[in-house]
Amino acid sequence: MFLEGYGYLVFQGAWLTVQVATWAACVAIVLGLLGALAKLSPVAPLRLVATVYTTLVRSVPDLVLMLLIYYSAQIGLNQVAEAFGRESWQLNPYGTAIGTLGFIYGAYCAETFRGAFQAIPFGQLEAARAYGMSHWQVLRRIRLPQMMRFALPGIGNIWQVLLKSAGLISLLGLNDMVQVAKQAGNATSRQMFFYLVIATIFLAFAILSSLALKHLERRYSIEPRRSVS
């Protein structure tokens, strides 16, 4: 029998891990973009908030931060529920996992995007302003497209680490493939076998991600293309 009868559950857990990692990456990119713009903003309070966010998040281990965010949010919800005289509200594990991972890796994306923004040649921005473009037009037409080209390698690294960290979501109550491997190992007394299976799946995800990211880097290479005579 395939994987001692746990094959389908492992597949479901793997699909859940990919889903959470993908949505968390979307949240991280949005937060990272906002954080990078805030750190480059001339408004001092925005720079301060963004600096505190990136410094604190990058200084605390992911596991500790995930548990802190999860339990702090749950305690806060319970207090709000008590204030309104209602029973405690339970956090949705799926949404919480996405939000927590997105919040954590948004800090890393912010630093990556900040460096990419600063790598854009200043002459291009001056030329855009000379043509009469507004600040929003410069951001949309010049800064964002150029920034993404410089940021792709860093974003690729962040995605790989985020994908591995998605293996921690079982701590938030999700039945991902790590949790399935634990349950299957306990039931069959083959813990090593099932953890090796999960490790192999993560390796496959990493290889596929690397191939996809290399394709994107080649496609959006910042190196100028030589004209064909």
# chains A, B, ... in the order shown; residues from 1 in each chain; ligands from 1

call {"tool": "residues_around", "arguments": {"residues": "Ile169 of chain A", "least_positions_apart": "3", "cutoff": "10 Å", "atoms": "only C-alpha atoms", "output": "PyMOL selection string"}}
result
chain A and resi 16-17+20-21+63+66+93-94+96-98+100-101+165-166+172-179

call {"tool": "atom_distance", "arguments": {"atom1": "atom CA of Ala28 of chain A", "atom2": "atom CA of Gly115 of chain A"}}
result
16.1 Å

call {"tool": "atom_distance", "arguments": {"atom1": "atom CA of Arg149 of chain A", "atom2": "atom CA of Thr112 of chain A"}}
result
11.5 Å

call {"tool": "residues_around", "arguments": {"residues": "segment 50-54 of chain A", "least_positions_apart": "5", "cutoff": "8 Å", "atoms": "only C-alpha atoms", "output": "list in words"}}
result
Gly35, Ala36, Ala38, Lys39, Ala107, Tyr108, Ala110 and Glu111 of chain A

call {"tool": "residues_around", "arguments": {"residues": "Leu213 of chain A", "least_positions_apart": "6", "cutoff": "10 Å", "atoms": "only C-alpha atoms", "output": "PyMOL selection string"}}
result
chain A and resi 152-153+155-157+159+207+219

call {"tool": "write_last_selection", "arguments": {"atoms": "C-alpha atoms", "output": "compact mmCIF listing (two decimals), in the first residue's frame"}}
result
# COMPACT_ATOMS: atom_id res chain seq x y z
CA LEU A 152 14.37 38.94 -8.33
CA PRO A 153 17.45 37.09 -6.97
CA ILE A 155 13.02 37.42 -3.72
CA GLY A 156 13.96 33.96 -4.95
CA ASN A 157 16.04 33.35 -1.83
CA TRP A 159 10.76 32.30 -1.29
CA ILE A 207 14.41 22.24 -7.09
CA ARG A 219 13.79 36.55 -18.84

call {"tool": "closest_residue", "arguments": {"among": "A:Trp136, A:Phe194, A:Tyr105, A:Tyr71", "to": "Gly32 of chain A", "atoms": "only C-alpha atoms"}}
result
A:Tyr105

call {"tool": "residues_around", "arguments": {"residues": "segment 184-186 of chain A", "least_positions_apart": "4", "cutoff": "12 Å", "atoms": "only C-alpha atoms", "output": "count of residues only"}}
result
22

call {"tool": "select_by_dssp", "arguments": {"residues": "segment 16-226 of chain A", "states": "alpha helix (DSSP H)", "output": "number ranges by chain"}}
result
A: 16-39, 44-59, 62-83, 93-118, 122-130, 135-138, 144-165, 177-188, 191-219

call {"tool": "residues_around", "arguments": {"residues": "Ala116 of chain A", "least_positions_apart": "2", "cutoff": "9 Å", "atoms": "only C-alpha atoms", "output": "VMD selection string"}}
result
chain A and resid 111 to 114 118 to 120 146 to 151

call {"tool": "residues_around", "arguments": {"residues": "Leu139 of chain A", "least_positions_apart": "5", "cutoff": "12 Å", "atoms": "only C-alpha atoms", "output": "compact mmCIF listing (two decimals) with C-alpha atoms, in the first residue's frame"}}
result
# COMPACT_ATOMS: atom_id res chain seq x y z
CA LEU A 33 6.85 46.98 -0.99
CA LEU A 37 8.70 52.80 0.21
CA PHE A 117 15.01 50.73 -5.49
CA ILE A 120 17.96 52.14 -10.09
CA GLN A 124 16.31 57.54 -15.23
CA LEU A 125 14.31 59.16 -12.47
CA ALA A 128 11.13 60.86 -16.06
CA ARG A 129 10.58 64.00 -14.01
CA MET A 133 5.68 62.56 -15.00
CA SER A 134 3.96 62.68 -11.64
CA LEU A 144 8.56 49.37 -9.96
CA PRO A 145 9.54 47.63 -13.26
CA GLN A 146 13.23 48.42 -12.75
CA MET A 147 13.14 47.47 -9.09
CA MET A 148 11.67 44.03 -9.73

call {"tool": "atom_distance", "arguments": {"atom1": "atom CA of Ser41 of chain A", "atom2": "atom CA of Val27 of chain A"}}
result
21.0 Å

call {"tool": "closest_residue", "arguments": {"among": "A:Gly154, A:Cys109, A:Ile201, A:Ser189", "to": "Trp15 of chain A", "atoms": "only C-alpha atoms"}}
result
A:Ile201
